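model19.cif (mmCIF, C-alpha atoms and all ligand atoms)
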data_work
#
loop_
_atom_site.label_atom_id
_atom_site.label_comp_id
_atom_site.auth_asym_id
_atom_site.auth_seq_id
_atom_site.Cartn_x
_atom_site.Cartn_y
_atom_site.Cartn_z
CA MET A 1 -68.27 -38.52 -133.88
CA LYS A 2 -70.31 -37.45 -136.88
CA GLU A 3 -68.73 -34.07 -137.54
CA ASN A 4 -69.16 -34.64 -141.28
CA ASN A 5 -70.87 -36.99 -143.68
CA ASN A 6 -68.40 -39.82 -143.22
CA ILE A 7 -69.66 -43.17 -142.03
CA GLN A 8 -67.17 -44.95 -139.80
CA LEU A 9 -66.92 -48.69 -139.17
CA PHE A 10 -67.63 -48.45 -135.44
CA ALA A 11 -68.88 -45.77 -133.03
CA PRO A 12 -69.64 -46.68 -129.42
CA THR A 13 -72.81 -45.38 -127.78
CA TYR A 14 -73.12 -44.67 -124.06
CA ARG A 15 -76.16 -43.66 -121.97
CA ILE A 16 -74.09 -40.88 -120.55
CA ASP A 17 -76.22 -39.75 -117.61
CA GLU A 18 -76.77 -43.29 -116.41
CA CYS A 19 -73.06 -44.09 -116.73
CA LEU A 20 -72.13 -40.95 -114.82
CA ALA A 21 -74.61 -41.76 -112.04
CA GLU A 22 -73.12 -45.22 -111.68
CA ILE A 23 -69.55 -43.82 -111.71
CA ARG A 24 -70.59 -41.14 -109.20
CA GLN A 25 -71.37 -43.89 -106.69
CA CYS A 26 -67.77 -45.11 -106.94
CA LEU A 27 -66.41 -41.62 -106.42
CA GLU A 28 -68.73 -40.92 -103.49
CA VAL A 29 -67.90 -44.17 -101.75
CA GLY A 30 -64.24 -43.64 -102.63
CA TRP A 31 -63.88 -47.08 -104.20
CA THR A 32 -62.75 -47.08 -107.82
CA GLY A 33 -60.64 -50.24 -107.91
CA LEU A 34 -61.14 -53.98 -107.62
CA GLY A 35 -64.29 -54.91 -105.70
CA PHE A 36 -67.58 -53.00 -105.34
CA LYS A 37 -68.80 -52.47 -108.95
CA THR A 38 -66.53 -55.20 -110.31
CA ILE A 39 -68.40 -57.71 -108.12
CA ASP A 40 -71.80 -56.29 -109.11
CA PHE A 41 -70.82 -56.57 -112.76
CA GLU A 42 -69.56 -60.15 -112.36
CA ASN A 43 -72.86 -61.12 -110.74
CA ALA A 44 -74.88 -59.34 -113.40
CA TRP A 45 -72.86 -61.10 -116.11
CA LYS A 46 -73.33 -64.55 -114.56
CA ASN A 47 -77.02 -63.82 -114.32
CA TYR A 48 -77.20 -62.67 -117.94
CA THR A 49 -75.15 -65.51 -119.46
CA GLY A 50 -76.08 -68.34 -117.11
CA LEU A 51 -72.37 -69.22 -116.92
CA PRO A 52 -71.31 -70.39 -113.45
CA HIS A 53 -68.30 -68.08 -112.96
CA ALA A 54 -67.20 -64.69 -114.24
CA HIS A 55 -64.06 -62.80 -113.41
CA TYR A 56 -63.78 -59.17 -114.51
CA LEU A 57 -60.43 -58.22 -116.03
CA ASN A 58 -58.79 -55.22 -117.63
CA SER A 59 -59.05 -56.84 -121.10
CA ALA A 60 -60.04 -59.93 -123.01
CA SER A 61 -56.37 -60.26 -123.98
CA ALA A 62 -55.57 -60.77 -120.28
CA GLY A 63 -58.50 -63.20 -120.04
CA LEU A 64 -57.29 -65.31 -122.95
CA HIS A 65 -53.80 -65.38 -121.48
CA LEU A 66 -55.06 -66.50 -118.07
CA ALA A 67 -57.37 -69.09 -119.63
CA ILE A 68 -54.45 -70.71 -121.44
CA ARG A 69 -52.10 -70.36 -118.49
CA LEU A 70 -54.40 -71.91 -115.92
CA LEU A 71 -55.66 -74.72 -118.16
CA LYS A 72 -52.03 -75.57 -118.95
CA LYS A 73 -51.22 -75.68 -115.26
CA LYS A 74 -54.29 -77.67 -114.25
CA HIS A 75 -53.81 -80.32 -116.93
CA GLY A 76 -50.01 -80.39 -116.80
CA TRP A 77 -49.48 -79.51 -120.46
CA ALA A 78 -45.83 -79.36 -121.52
CA ASP A 79 -44.12 -76.54 -123.38
CA GLY A 80 -44.59 -77.14 -127.09
CA ASP A 81 -47.96 -78.86 -126.69
CA GLU A 82 -50.46 -77.68 -129.26
CA VAL A 83 -53.56 -75.55 -129.33
CA ILE A 84 -55.60 -75.56 -132.53
CA SER A 85 -56.55 -72.01 -133.46
CA THR A 86 -57.78 -69.84 -136.30
CA PRO A 87 -55.75 -67.57 -138.56
CA LEU A 88 -58.77 -65.24 -138.82
CA THR A 89 -58.72 -63.36 -135.55
CA PHE A 90 -57.34 -60.43 -133.66
CA VAL A 91 -53.77 -61.32 -132.65
CA SER A 92 -54.65 -61.44 -128.92
CA THR A 93 -56.22 -64.85 -129.47
CA ASN A 94 -53.01 -66.37 -130.76
CA HIS A 95 -50.58 -64.37 -128.63
CA ALA A 96 -52.26 -65.92 -125.57
CA ILE A 97 -51.11 -69.36 -126.70
CA LEU A 98 -47.53 -68.26 -127.30
CA TYR A 99 -47.23 -66.39 -123.96
CA GLU A 100 -47.41 -69.80 -122.29
CA ASN A 101 -44.89 -71.53 -124.58
CA LEU A 102 -47.47 -73.64 -126.36
CA SER A 103 -47.54 -74.13 -130.14
CA ILE A 104 -50.32 -73.08 -132.46
CA ALA A 105 -51.70 -75.52 -135.01
CA PHE A 106 -53.62 -73.27 -137.39
CA ALA A 107 -56.74 -74.90 -138.82
CA ASP A 108 -58.88 -73.63 -141.68
CA VAL A 109 -62.24 -71.86 -141.55
CA ASP A 110 -65.63 -72.48 -143.15
CA GLU A 111 -67.82 -69.99 -145.04
CA THR A 112 -68.77 -68.25 -141.77
CA GLY A 113 -65.10 -67.42 -141.12
CA CYS A 114 -65.12 -69.58 -137.97
CA LEU A 115 -62.99 -72.72 -137.55
CA ASP A 116 -64.11 -75.61 -139.74
CA PRO A 117 -64.69 -78.79 -137.68
CA ALA A 118 -63.36 -80.95 -140.53
CA SER A 119 -60.08 -79.04 -140.52
CA ILE A 120 -59.86 -79.21 -136.71
CA GLU A 121 -60.16 -83.01 -136.90
CA GLU A 122 -57.36 -83.14 -139.47
CA ARG A 123 -55.08 -81.12 -137.21
CA ILE A 124 -55.62 -83.18 -134.06
CA GLY A 125 -52.49 -85.10 -133.12
CA PRO A 126 -50.80 -86.59 -130.05
CA LYS A 127 -49.78 -83.14 -128.75
CA THR A 128 -53.17 -81.44 -129.20
CA ARG A 129 -54.46 -80.14 -125.87
CA ALA A 130 -57.11 -77.57 -126.76
CA VAL A 131 -59.11 -75.78 -129.42
CA MET A 132 -59.43 -72.00 -129.39
CA PHE A 133 -62.68 -71.09 -131.16
CA VAL A 134 -63.44 -67.51 -132.21
CA GLY A 135 -67.08 -66.55 -132.88
CA LEU A 136 -66.21 -64.20 -135.74
CA GLY A 137 -68.46 -61.15 -135.83
CA GLY A 138 -70.77 -62.77 -133.26
CA ASN A 139 -71.39 -65.84 -135.41
CA THR A 140 -71.38 -69.27 -133.76
CA GLY A 141 -70.28 -71.07 -136.94
CA GLN A 142 -70.28 -74.81 -136.34
CA PHE A 143 -69.66 -74.47 -132.60
CA ARG A 144 -71.83 -77.47 -131.64
CA LYS A 145 -69.68 -79.74 -133.80
CA VAL A 146 -66.53 -78.29 -132.28
CA GLU A 147 -67.84 -78.98 -128.78
CA GLU A 148 -68.53 -82.56 -129.81
CA ILE A 149 -65.02 -82.98 -131.29
CA CYS A 150 -63.40 -81.66 -128.11
CA ARG A 151 -65.50 -83.95 -125.93
CA ARG A 152 -64.77 -87.02 -128.07
CA ASN A 153 -61.03 -86.32 -128.18
CA ASN A 154 -60.82 -85.26 -124.57
CA ILE A 155 -59.29 -81.87 -125.34
CA CYS A 156 -60.10 -78.49 -123.83
CA LEU A 157 -62.21 -75.84 -125.51
CA ILE A 158 -61.73 -72.11 -125.10
CA LEU A 159 -64.28 -69.78 -126.64
CA ASP A 160 -62.94 -66.37 -127.62
CA ALA A 161 -66.30 -64.60 -127.36
CA ALA A 162 -64.87 -61.10 -127.82
CA HIS A 163 -67.47 -60.47 -130.56
CA MET A 164 -70.22 -62.52 -128.96
CA ALA A 165 -71.70 -60.46 -126.12
CA GLY A 166 -75.40 -61.28 -126.48
CA THR A 167 -75.10 -64.02 -129.12
CA ARG A 168 -77.51 -66.92 -128.60
CA LEU A 169 -77.29 -70.38 -130.09
CA GLU A 170 -80.57 -72.30 -130.12
CA GLY A 171 -81.94 -69.69 -127.74
CA ARG A 172 -79.15 -69.88 -125.16
CA ILE A 173 -75.85 -68.13 -124.53
CA PRO A 174 -73.24 -70.58 -125.87
CA GLY A 175 -70.21 -71.71 -123.90
CA ALA A 176 -71.64 -73.63 -120.93
CA GLU A 177 -69.65 -76.67 -122.06
CA ALA A 178 -66.45 -74.79 -122.85
CA ASP A 179 -63.62 -74.82 -120.31
CA ALA A 180 -63.36 -71.05 -120.59
CA VAL A 181 -65.31 -68.30 -122.33
CA VAL A 182 -63.68 -64.89 -122.72
CA TYR A 183 -65.58 -61.68 -123.54
CA SER A 184 -64.20 -58.29 -124.51
CA PHE A 185 -65.71 -54.98 -123.39
CA GLN A 186 -63.16 -52.91 -125.30
CA ALA A 187 -64.36 -49.62 -126.77
CA VAL A 188 -65.60 -50.93 -130.12
CA LYS A 189 -67.15 -54.18 -128.95
CA ASN A 190 -70.93 -54.65 -128.51
CA LEU A 191 -70.79 -54.01 -124.77
CA ALA A 192 -68.35 -51.13 -124.79
CA THR A 193 -66.70 -49.86 -121.60
CA ALA A 194 -63.30 -48.43 -122.43
CA ASP A 195 -61.05 -51.45 -122.02
CA SER A 196 -62.05 -54.52 -120.06
CA GLY A 197 -63.12 -58.14 -120.38
CA MET A 198 -64.63 -61.12 -118.60
CA LEU A 199 -63.11 -64.56 -118.09
CA CYS A 200 -65.69 -67.27 -117.41
CA PHE A 201 -64.18 -70.57 -116.30
CA ARG A 202 -66.41 -73.61 -115.93
CA ASP A 203 -64.25 -74.92 -113.08
CA GLU A 204 -64.61 -73.18 -109.71
CA GLU A 205 -60.99 -73.74 -108.69
CA LEU A 206 -59.76 -72.15 -111.92
CA ASP A 207 -61.99 -69.16 -111.25
CA ARG A 208 -60.40 -68.82 -107.82
CA LEU A 209 -56.90 -69.10 -109.28
CA ALA A 210 -57.75 -66.55 -111.97
CA ARG A 211 -58.67 -64.06 -109.23
CA GLN A 212 -55.36 -64.71 -107.50
CA GLN A 213 -53.31 -64.53 -110.69
CA SER A 214 -54.96 -61.35 -111.88
CA TRP A 215 -53.96 -59.62 -108.63
CA LEU A 216 -50.21 -60.37 -108.80
CA GLY A 217 -50.59 -63.82 -107.24
CA ILE A 218 -51.88 -62.41 -103.94
CA ASP A 219 -54.24 -64.87 -102.31
CA LYS A 220 -56.72 -62.30 -100.99
CA ASP A 221 -57.83 -59.11 -102.67
CA THR A 222 -57.85 -55.75 -100.90
CA PHE A 223 -61.60 -55.58 -100.88
CA SER A 224 -62.11 -58.83 -98.99
CA ARG A 225 -59.34 -57.75 -96.62
CA THR A 226 -61.23 -54.56 -95.94
CA LEU A 227 -64.31 -56.61 -95.18
CA SER A 228 -62.50 -59.08 -92.96
CA SER A 229 -62.10 -58.01 -89.38
CA GLY A 230 -59.52 -58.22 -86.63
CA SER A 231 -55.90 -57.24 -86.59
CA TYR A 232 -55.00 -59.53 -89.53
CA LYS A 233 -56.54 -57.25 -92.15
CA TRP A 234 -53.07 -56.52 -93.47
CA TYR A 235 -52.14 -60.18 -93.84
CA TYR A 236 -51.85 -61.93 -97.18
CA ASP A 237 -49.75 -64.57 -98.83
CA VAL A 238 -48.28 -64.65 -102.35
CA PRO A 239 -48.14 -68.33 -103.24
CA GLU A 240 -47.08 -67.71 -106.84
CA LEU A 241 -46.25 -65.21 -109.55
CA GLY A 242 -49.23 -63.31 -110.93
CA PHE A 243 -50.12 -60.30 -113.06
CA LYS A 244 -52.00 -57.06 -112.65
CA PHE A 245 -54.91 -58.02 -114.88
CA HIS A 246 -57.98 -57.27 -112.75
CA GLY A 247 -60.68 -54.79 -113.74
CA ASN A 248 -61.76 -51.65 -111.87
CA SER A 249 -65.02 -50.23 -110.55
CA ILE A 250 -65.17 -47.19 -112.83
CA LEU A 251 -65.27 -49.32 -115.97
CA ALA A 252 -67.47 -51.95 -114.31
CA ALA A 253 -69.90 -49.11 -113.56
CA ILE A 254 -70.10 -48.35 -117.28
CA GLY A 255 -70.41 -52.07 -118.00
CA LEU A 256 -73.39 -52.41 -115.65
CA VAL A 257 -75.25 -49.71 -117.58
CA GLN A 258 -74.26 -51.11 -120.98
CA LEU A 259 -75.43 -54.58 -120.03
CA LYS A 260 -78.95 -53.28 -119.39
CA TYR A 261 -79.09 -52.19 -123.03
CA LEU A 262 -77.15 -55.04 -124.64
CA ASP A 263 -80.13 -56.98 -125.96
CA ILE A 264 -81.96 -53.98 -127.37
CA ASP A 265 -78.73 -52.62 -128.84
CA ASN A 266 -78.06 -55.98 -130.50
CA ALA A 267 -81.63 -56.05 -131.80
CA TYR A 268 -80.96 -52.73 -133.55
CA ARG A 269 -77.72 -54.13 -134.96
CA ARG A 270 -79.71 -57.04 -136.40
CA GLN A 271 -82.17 -54.55 -137.89
CA ILE A 272 -79.31 -52.72 -139.61
CA CYS A 273 -78.13 -56.08 -140.97
CA ILE A 274 -81.61 -56.82 -142.33
CA TRP A 275 -81.48 -53.47 -144.15
CA TYR A 276 -78.06 -54.38 -145.52
CA ASP A 277 -79.36 -57.78 -146.65
CA GLU A 278 -82.21 -56.09 -148.53
CA MET A 279 -79.91 -53.56 -150.16
CA LEU A 280 -77.22 -56.02 -151.18
CA LYS A 281 -79.06 -59.22 -152.05
CA ASN A 282 -79.18 -58.54 -155.78
CA ILE A 283 -75.58 -57.45 -156.23
CA ARG A 284 -74.01 -60.44 -157.93
CA GLN A 285 -70.48 -59.15 -157.46
CA LEU A 286 -70.57 -59.70 -153.72
CA LYS A 287 -71.31 -62.52 -151.34
CA ARG A 288 -72.69 -61.99 -147.83
CA VAL A 289 -70.95 -63.97 -145.11
CA PRO A 290 -73.72 -66.27 -143.82
CA ILE A 291 -74.90 -66.55 -140.22
CA ALA A 292 -74.97 -70.14 -138.97
CA GLU A 293 -78.24 -72.05 -138.46
CA GLY A 294 -79.70 -71.57 -135.00
CA CYS A 295 -77.46 -68.57 -134.28
CA GLU A 296 -78.96 -65.30 -133.14
CA SER A 297 -75.79 -63.28 -133.71
CA SER A 298 -74.78 -60.28 -131.62
CA ARG A 299 -73.95 -58.84 -135.03
CA HIS A 300 -70.68 -57.33 -134.01
CA LEU A 301 -69.84 -57.30 -137.73
CA TYR A 302 -71.65 -57.29 -141.06
CA GLN A 303 -69.28 -58.94 -143.49
CA ILE A 304 -69.30 -59.29 -147.26
CA ARG A 305 -66.79 -60.73 -149.71
CA VAL A 306 -65.71 -59.31 -153.06
CA LYS A 307 -63.05 -60.41 -155.51
CA ASN A 308 -61.44 -56.96 -155.83
CA ARG A 309 -61.46 -56.06 -152.15
CA ASP A 310 -58.68 -53.48 -151.95
CA GLU A 311 -60.08 -51.55 -154.92
CA VAL A 312 -63.59 -51.59 -153.42
CA LEU A 313 -62.29 -50.39 -150.04
CA LEU A 314 -60.54 -47.47 -151.68
CA ALA A 315 -63.62 -46.51 -153.68
CA LEU A 316 -65.79 -46.67 -150.54
CA ASN A 317 -63.30 -44.44 -148.72
CA ASN A 318 -63.57 -41.95 -151.57
CA ALA A 319 -67.34 -41.97 -150.99
CA GLY A 320 -66.82 -41.14 -147.29
CA ILE A 321 -67.47 -44.71 -146.12
CA PHE A 322 -64.86 -46.35 -143.91
CA PRO A 323 -65.25 -50.12 -143.55
CA GLY A 324 -62.77 -52.51 -141.95
CA VAL A 325 -61.11 -55.87 -142.56
CA HIS A 326 -61.57 -58.65 -140.00
CA TYR A 327 -59.10 -60.12 -140.22
CA ARG A 328 -55.84 -60.35 -142.04
CA ASP A 329 -54.81 -64.00 -142.07
CA ASN A 330 -52.51 -64.12 -139.01
CA THR A 331 -50.10 -66.43 -140.81
CA GLU A 332 -49.25 -63.47 -143.07
CA PHE A 333 -47.74 -61.71 -140.06
CA THR A 334 -44.01 -62.26 -139.76
CA MET A 335 -44.15 -63.76 -136.29
CA TYR A 336 -46.81 -66.32 -137.28
CA SER A 337 -45.46 -67.12 -140.74
CA HIS A 338 -43.17 -70.02 -139.85
CA ASN A 339 -43.97 -73.73 -140.21
CA VAL A 340 -47.67 -73.35 -140.83
CA LEU A 341 -49.86 -75.69 -142.82
CA PRO A 342 -51.83 -73.86 -145.49
CA CYS A 343 -55.37 -72.67 -144.69
CA PRO A 344 -56.67 -71.79 -148.16
CA GLN A 345 -60.21 -70.88 -147.06
CA ALA A 346 -58.88 -68.50 -144.42
CA ARG A 347 -56.49 -66.94 -146.93
CA ALA A 348 -59.25 -66.38 -149.48
CA PHE A 349 -61.58 -64.96 -146.80
CA SER A 350 -58.84 -62.64 -145.61
CA ASN A 351 -58.22 -61.37 -149.15
CA GLU A 352 -61.89 -60.77 -149.95
CA VAL A 353 -63.62 -59.74 -146.74
CA ILE A 354 -64.99 -56.32 -145.89
CA SER A 355 -66.72 -55.41 -142.62
CA LEU A 356 -69.26 -52.73 -143.49
CA PRO A 357 -69.97 -49.93 -140.99
CA LEU A 358 -72.19 -51.20 -138.18
CA HIS A 359 -73.02 -49.22 -135.07
CA LEU A 360 -75.99 -47.84 -133.20
CA ARG A 361 -75.75 -44.32 -134.61
CA MET A 362 -76.46 -45.56 -138.12
CA THR A 363 -79.82 -45.04 -139.77
CA ARG A 364 -81.57 -46.76 -142.64
CA ALA A 365 -80.49 -43.83 -144.83
CA ASP A 366 -76.84 -44.59 -144.03
CA VAL A 367 -77.34 -48.22 -145.06
CA GLU A 368 -79.01 -47.09 -148.29
CA ARG A 369 -76.14 -44.76 -149.03
CA ILE A 370 -73.64 -47.59 -148.51
CA GLY A 371 -75.76 -49.95 -150.61
CA GLU A 372 -75.91 -47.45 -153.46
CA ALA A 373 -72.18 -46.78 -153.28
CA LEU A 374 -71.47 -50.51 -153.45
CA THR A 375 -73.87 -50.96 -156.36
CA ASN A 376 -72.05 -48.24 -158.31
CA ILE A 377 -68.57 -49.42 -157.44
CA LEU A 378 -69.29 -53.07 -158.17
CA SER A 379 -71.26 -52.59 -161.40
CA ARG A 380 -67.96 -52.67 -163.27
CA SER A 381 -66.51 -55.63 -161.33
CA LEU A 382 -66.41 -59.37 -161.89
CA HIS A 383 -69.21 -61.46 -160.47
CA TYR A 384 -68.36 -63.15 -157.20
C1 LIG B 1 -61.01 -57.36 -129.36
C2 LIG B 1 -60.63 -58.79 -129.44
C3 LIG B 1 -59.82 -59.40 -128.48
C4 LIG B 1 -59.11 -58.63 -127.41
O1 LIG B 1 -59.95 -57.90 -126.63
P1 LIG B 1 -59.34 -56.79 -125.64
O2 LIG B 1 -60.44 -56.62 -124.63
O3 LIG B 1 -59.13 -55.57 -126.47
O4 LIG B 1 -58.10 -57.30 -125.06
C5 LIG B 1 -59.59 -60.76 -128.57
N1 LIG B 1 -60.12 -61.50 -129.56
C6 LIG B 1 -60.89 -60.95 -130.52
C7 LIG B 1 -61.47 -61.82 -131.58
C8 LIG B 1 -61.16 -59.57 -130.49
O5 LIG B 1 -61.89 -59.02 -131.46
#

Would you mind writing the structure in this file as structure tokens?
Amino acid sequence: MKENNNIQLFAPTYRIDECLAEIRQCLEVGWTGLGFKTIDFENAWKNYTGLPHAHYLNSASAGLHLAIRLLKKKHGWADGDEVISTPLTFVSTNHAILYENLSIAFADVDETGCLDPASIEERIGPKTRAVMFVGLGGNTGQFRKVEEICRRNNICLILDAAHMAGTRLEGRIPGAEADAVVYSFQAVKNLATADSGMLCFRDEELDRLARQQSWLGIDKDTFSRTLSSGSYKWYYDVPELGFKFHGNSILAAIGLVQLKYLDIDNAYRRQICIWYDEMLKNIRQLKRVPIAEGCESSRHLYQIRVKNRDEVLLALNNAGIFPGVHYRDNTEFTMYSHNVLPCPQARAFSNEVISLPLHLRMTRADVERIGEALTNILSRSLHY
């Protein structure tokens, strides 16, 4: 909403008529729930990413939880076993680990804000079972090295790709080697629906179990029961406890439309970032968070670092510009503050980072206005 001259951090864009046409089909058929468009969207997503499985869920938070839960079950991890994770993420990432009674070993990040492979190696111990890697802002960081570490140490790899819809690494969608890749289609993410996500397991059996567990543990969903014939249509078993995590056709309908535009939308995001780079490259009081080699980022975020972050944020707000912070070091939150090894790079990043406004409604003039505001604000500040 641009009711005034303010520039917000995020603003989702929808091709409204196309979305409504796709939703209309659900309403006409009378099928708004699991099945129908959710299956179309899963197929479209597999096709787009090249990943072998995709299960549509009501959020990435649910996807991360199921990824941890089912990998724990498959590999027989014990309560208290460890998952190495990052302090620089949305709390969903780390909550998922705790839901299943595992412990988090926080490792430090590199200059991209993604987990640093050297720190991961330091944290690996006898109880380490998995690494949870977050592609911050769409960046792949040193993901190849992390894959290699997981392979060599025989530990699982989960990619929290909430920011990474459309990111390529060396020309391909990353994650084919990960045990699970989880995408978010929440309202401010690159492929915005309203609230939903995709869980992509490498293992076919885990994909099947994820479908069962996301529908309360029922071994057959209503849609396939409707398709099956005979007098046993009503019959199902509930072999184990599950959750109501599955996605619905209304939001999948929006997702199908958004996916058609994902690559061109991301190309415009990258264009905005090029404008930012031009505007900001000579400001010595700030540092741009670098994009890793070989990464074509989805550019969910455009991040800079400054020494006097809180002051700069306030001054930008006074100029009608509303950036964000991704993220506060999770170990500063009360519930994550106990028994953690220090992650100095993550702490510094957390104290200095600003995510500048980045969305499809922005123009070059908006970027220039932000660049000029930053130049003025920072002219009196210390060099980075
Ligand atoms: C948004 C986000 C999530 C959670 O996504 P939801 O779909 O809102 O549950 C998880 N991890 C990261 C890094 C995110 O940004």

Give me, as JSON lines, each residue of chain A that comes within 8 Å of ligand LIG 1 (chain B), together with its shortest interatomic pair and the distance in Å at one decimal, counting all atoms listed in the file, with rows ordered by chain and rising residue number.
{"residue": "A:Asn58", "atom": "CA", "partner": "B:LIG1", "partner_atom": "O2", "distance": 7.3}
{"residue": "A:Ser59", "atom": "CA", "partner": "B:LIG1", "partner_atom": "O2", "distance": 3.8}
{"residue": "A:Ala60", "atom": "CA", "partner": "B:LIG1", "partner_atom": "O2", "distance": 3.7}
{"residue": "A:Ser61", "atom": "CA", "partner": "B:LIG1", "partner_atom": "O4", "distance": 3.6}
{"residue": "A:Ala62", "atom": "CA", "partner": "B:LIG1", "partner_atom": "O4", "distance": 6.4}
{"residue": "A:Gly63", "atom": "CA", "partner": "B:LIG1", "partner_atom": "O4", "distance": 7.8}
{"residue": "A:Leu64", "atom": "CA", "partner": "B:LIG1", "partner_atom": "C5", "distance": 7.6}
{"residue": "A:Thr89", "atom": "CA", "partner": "B:LIG1", "partner_atom": "C7", "distance": 5.1}
{"residue": "A:Phe90", "atom": "CA", "partner": "B:LIG1", "partner_atom": "C6", "distance": 4.8}
{"residue": "A:Val91", "atom": "CA", "partner": "B:LIG1", "partner_atom": "N1", "distance": 7.1}
{"residue": "A:Ser92", "atom": "CA", "partner": "B:LIG1", "partner_atom": "C5", "distance": 5.0}
{"residue": "A:Thr93", "atom": "CA", "partner": "B:LIG1", "partner_atom": "N1", "distance": 5.1}
{"residue": "A:Val134", "atom": "CA", "partner": "B:LIG1", "partner_atom": "C7", "distance": 6.1}
{"residue": "A:Gly135", "atom": "CA", "partner": "B:LIG1", "partner_atom": "C7", "distance": 7.5}
{"residue": "A:Leu136", "atom": "CA", "partner": "B:LIG1", "partner_atom": "C7", "distance": 6.7}
{"residue": "A:Asp160", "atom": "CA", "partner": "B:LIG1", "partner_atom": "N1", "distance": 6.0}
{"residue": "A:Ala161", "atom": "CA", "partner": "B:LIG1", "partner_atom": "C7", "distance": 7.0}
{"residue": "A:Ala162", "atom": "CA", "partner": "B:LIG1", "partner_atom": "C6", "distance": 4.8}
{"residue": "A:His163", "atom": "CA", "partner": "B:LIG1", "partner_atom": "O5", "distance": 5.8}
{"residue": "A:Tyr183", "atom": "CA", "partner": "B:LIG1", "partner_atom": "O2", "distance": 7.3}
{"residue": "A:Ser184", "atom": "CA", "partner": "B:LIG1", "partner_atom": "O2", "distance": 4.1}
{"residue": "A:Phe185", "atom": "CA", "partner": "B:LIG1", "partner_atom": "O2", "distance": 5.7}
{"residue": "A:Gln186", "atom": "CA", "partner": "B:LIG1", "partner_atom": "O2", "distance": 4.6}
{"residue": "A:Ala187", "atom": "CA", "partner": "B:LIG1", "partner_atom": "O3", "distance": 7.9}
{"residue": "A:Val188", "atom": "CA", "partner": "B:LIG1", "partner_atom": "C1", "distance": 7.9}
{"residue": "A:Lys189", "atom": "CA", "partner": "B:LIG1", "partner_atom": "C1", "distance": 6.9}
{"residue": "A:Asp195", "atom": "CA", "partner": "B:LIG1", "partner_atom": "O2", "distance": 5.8}
{"residue": "A:Ser196", "atom": "CA", "partner": "B:LIG1", "partner_atom": "O2", "distance": 5.3}
{"residue": "A:Gly197", "atom": "CA", "partner": "B:LIG1", "partner_atom": "O2", "distance": 5.2}

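The neighbours of Arg361 in chain A here are the residues that come within 9 Å of it, using only C-alpha atoms and leaving out any residue fewer than 6 positions away in the same chain; they are Ala11, Pro12 and Thr13 of chain A.
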
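Within a radius of 8 Å around (-59.1, -77.0, -116.1), the polymer residues are Leu70, Leu71, Lys72, Lys74, His75, Cys156, Asp179, Asp203 and Leu206 of chain A, counting all atoms listed in the file.
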
Exercise for review: Name the closest residue to Leu259 in chain A among the candidates A:Leu286, A:Val29, A:Ala67, A:Ala165; distances are taken between atoms, counting all atoms listed in the file.
Suggested key: A:Ala165

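For the atom pair formed by CA of Tyr56 in chain A and CA of Ser298 in chain A, the distance is 20.4 Å, given to one decimal.
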
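Of the residues listed (A:Cys19, A:Cys200, A:Ile304, A:Val182), A:Cys19 shows the shortest atom-to-atom separation from Tyr261 in chain A; distances use only C-alpha atoms.
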
**Study point:** Counting all atoms listed in the file, the residue of A:Gly371, A:Pro174, A:Gly33, A:Gly50 that sits nearest Pro357 in chain A
**Key:** A:Gly371

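With distances restricted to all atoms listed in the file, A:Gln212 is the closest residue to Lys244 in chain A from A:Asn330, A:Ser350, A:Gln212, A:Asn139.
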
Review point. Do you know which residues are at most 10 Å from Ile321 in chain A counting only C-alpha atoms, after dropping those on the same chain fewer than 5 positions away, and could you put them as a VMD selection string?
Key: chain A and resid 5 to 9 313 to 316 356 to 357 366 369 to 370 373

Study note, to complete from the structure: Shortest contact to Asn339 in chain A, candidates A:Asn190, A:Ser103, A:Gln213, A:Ser249, atoms counted all atoms listed in the file, goes to A:Ser103

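Each of A:Asn101, A:Thr363, A:Gln303, A:Asn248 was checked against Gly138 in chain A using only C-alpha atoms; the smallest atom-to-atom distance is that of A:Gln303.
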
**Study point:** Spatial neighbours of Gly125 in chain A, max dist 10 Å, all atoms listed in the file, sep filter under 3 positions, as JSON, numbers by chain
**Key:** {"A": [82, 105, 121, 122, 128, 129, 153]}

**Study point:** CA of Glu352 in chain A to CA of Val306 in chain A, straight-line distance in Å
**Key:** 5.1 Å

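Excluding Gln258 in chain A itself and same-chain residues fewer than 5 positions from it, the residues having an atom within 8 Å of it are Tyr14, Arg15, Leu191, Ala192 and Thr193 of chain A, counting all atoms listed in the file.
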
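CA of Arg270 in chain A is found 11.9 Å from CA of Cys295 in chain A.
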
Mind checking which residues fall within 7 Å of Ala346 in chain A, counting only C-alpha atoms, ignoring those fewer than 3 positions away in the same chain, and posting them as a compact mmCIF listing (two decimals) with C-alpha atoms, in the frame of the given file?
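Wrote it out as out.txt, contents follow:
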# COMPACT_ATOMS: atom_id res chain seq x y z
CA PRO A 87 -55.75 -67.57 -138.56
CA LEU A 88 -58.77 -65.24 -138.82
CA ASP A 108 -58.88 -73.63 -141.68
CA VAL A 109 -62.24 -71.86 -141.55
CA ASP A 329 -54.81 -64.00 -142.07
CA CYS A 343 -55.37 -72.67 -144.69
CA PHE A 349 -61.58 -64.96 -146.80
CA SER A 350 -58.84 -62.64 -145.61

How big is the axis-aligned box, and where does its centre sit, when it encloses all atoms of range 20-39 of chain A listed in the file and has 6 Å added on every side, reported in Å to one decimal as AutoDock Vina command-line options?
--center_x -67.6 --center_y -49.3 --center_z -108.3 --size_x 26.0 --size_y 28.8 --size_z 25.1
